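Remarks on the structure that follows.
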Amino acid sequence: MQTDTPTRWPWWAEATLTGLVTALSVQDAAVSVGGRWLELPVLVALLAGLSTAGRHRWPLVTMVVAVLAAGGWGLILPLLVIAFQLAALGRLRPAIVAVVGALSANLLIRPTLDLWQPRGFGPALLLALVVALGMWVRSRRRLIDALAQQVEHLRIERELREEAARLAERSAIAAEMHDVLAHRLSLLALHSGVLATRTDTLPAPVVERLGLLRSTSTAALNELREVLGALHETGAAPELAPTLQELDDLVDQARTAGQDVESSTVGDPEQAPLAHRLAVYRIVREALSNARKHAGAAAVVIRVAYTDLATSVAVTNTTGAQEDPVVSSGFGLIGLRERVAALGGQFEAGPAGAGGWRVAATLPRPTQNGTAQ
């Protein structure tokens with residue numbers, strides 16, 4: 001049978017309990033022998049009372065002493081303590097055996113202190129009472145422990161899922177950057193190679209620099225493919241970087257699906273870093289998907305701005321009725337937050353008032369030295 005780990009009381013509480021049980025037992029035994037303190041029942045009461053102090057370390061030994069004291073001399077208090085202890089630990093069978101054994105022995109011996117006769121602090125019914133109380137304490141303790149373990153498991157599972165979402169988003173960012181950089185380096189190697197073929201019209205130093213530029217870009221492209229090429233799944237085609245036209249297609253698809261979408265773009269997306277355009281596309285796609293899941297046919301407003309200092313995007317939806325609510329994991333927003341943080345930007349998602357929801361991000365433009373403005 002599975003048992004619980006006992007909860008130790010403070011030392012002063014243990015000492016108080018042991019002292020009270022010992023004092024009451026000794027007094028009860030002394031009264032039973034006419035007030036004589038140097039009698040066997042008094043010594044047995046003293047031993048049984050003091051033995052309750054070791055019930056945590058030696059519960060079975062304490063039980064035997066308590067059963068002998070209760071069955072042979074009618075000293076019930078030590079048995080009450082150990083019966084409660086065993087029941088609270090889940091050792092129901094030893095607790096019942098102790099109670100039944102003490103009652104049976106007392107019925108056969110019939111000492112002066114009879115467990116079957118009422119007394120000042122209660123009859124033999126107290127034995128059943130403490131067992132029941134002990135069982136209740138055990139059940140409550142096991143329930144609390146089970147709930148605590150369940151909460152801990154849910155917390156760990158949530159953290160693992162969030163970490164998996166972050167890692168997946170980082171892998172997606174790295175794969176996209178691999179595609180982008182590979183495309184740029186390929187163009188650089190191609191154009192430098194074309195210029196290098198016209199050596200008759202170019203000065204010798206320029207030809208030498210073009211050759212160096214071509215060899216360096218080719219080597220960098222090969223190294224990039226070796227390091228990041230494994231990020232793509234086998235047989236999977238590289239995902240093209242979303243452009244403004246693709247963002248418009250995304251809005252058109254949402255409108256075709258029945259969403260009321262208003263979209264506006266300020267500035268030239270071609271002048272923005274490709275990483276910013278990728279992030280804008282992901283944010284708009286996730287926000288439209290969440291609005292469709294949780295707000296039904298609510299109106300959605302998309303604002304995108306490309307400036308010399310930063311790229312900003314904000315998607316706001318009003319409240320809407322959803323007949324079949326969808327439980328969201330929230331990992332999409334975690335991925336977006338990870339992406340924006342990797343670009344040195346700020347991301348926010350939360351209520352927008354009147355039951356609406358707003359997802360927004362600001363991505364600073366990198367300076368000449370590579371840092372964000």
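Each chain in the structure tokens gets a letter, A, B and so on, in the order shown; residues start at 1 in every chain, and ligands are counted from 1 in the order they appear.
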
**Item:** Exercise: Leu343 (chain A) partners within 12 Å, only C-alpha atoms, chain neighbours under 3 positions left out, as JSON, numbers by chain
**Value:** {"A": [170, 173, 177, 273, 274, 275, 276, 277, 278, 279, 280, 310, 311, 336, 337, 338, 339, 340, 346, 347, 361, 362, 363, 364, 365, 366, 370, 371, 372, 373]}

**Item:** Neighbour list for Arg110 (chain A) as a PyMOL selection string, cut-off 9 Å, only C-alpha atoms, skip fewer than 2 positions in-chain
**Value:** chain A and resi 71-74+105-108+112-115

**Two-atom distance - CA of Gly49 (chain A), CA of Pro78 (chain A) (Å)** =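 These atoms are spaced 5.7 Å apart.
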
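With CA of Leu195 (chain A) on one side and CA of Val207 (chain A) on the other, the separation reads 8.2 Å.
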
**Message:** Show me, as a ChimeraX atom specification, the residues that have an atom within 9 Å of region 51-68 of chain A when counting only C-alpha atoms, minus same-chain residues fewer than 3 positions from it.
**Reply:** /A:6,8,14-15,17-18,21-22,44,46-48,71-83,85-86,94-95,98-99,101-103,105

**Request:** Could you check how far CA of Gly267 (chain A) sits from CA of Asp308 (chain A), in Å to one decimal?
**Result:**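 Interatomic distance here is 9.1 Å.
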
**Message:** List as a list in words the protein and nucleic acid residues near Leu187 (chain A), meaning an atom at most 10 Å away when only C-alpha atoms are counted, but skip any in the same chain fewer than 6 places from it.
**Reply:**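 Once the nearby chain positions are removed, what remains is Leu181, Gly193 and Ser217 of chain A.
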
Saved selection, atoms kept: N, CA and C atoms, as an mmCIF file, in the first residue's frame:
data_model
loop_
_atom_site.group_PDB
_atom_site.id
_atom_site.type_symbol
_atom_site.label_atom_id
_atom_site.label_comp_id
_atom_site.auth_asym_id
_atom_site.auth_seq_id
_atom_site.Cartn_x
_atom_site.Cartn_y
_atom_site.Cartn_z
ATOM 1 N N LEU A 181 19.992 35.393 -48.209
ATOM 2 C CA LEU A 181 21.420 35.616 -48.401
ATOM 3 C C LEU A 181 21.959 34.823 -49.583
ATOM 4 N N GLY A 193 31.100 38.000 -61.991
ATOM 5 C CA GLY A 193 31.653 37.118 -63.032
ATOM 6 C C GLY A 193 31.477 37.692 -64.426
ATOM 7 N N SER A 217 32.572 35.841 -52.884
ATOM 8 C CA SER A 217 31.121 35.646 -52.819
ATOM 9 C C SER A 217 30.757 34.185 -53.069
#

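Using only C-alpha atoms, the nearest neighbour of Ser289 (chain A) within the list A:Ser263, A:Val304, A:Asn317, A:Thr197 is A:Asn317.
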
**Request:** Tell me which of A:Leu288, A:Leu50, A:Leu43, A:Ala70 sits closest to Asp252 (chain A), counting only C-alpha atoms.
**Result:** A:Leu288
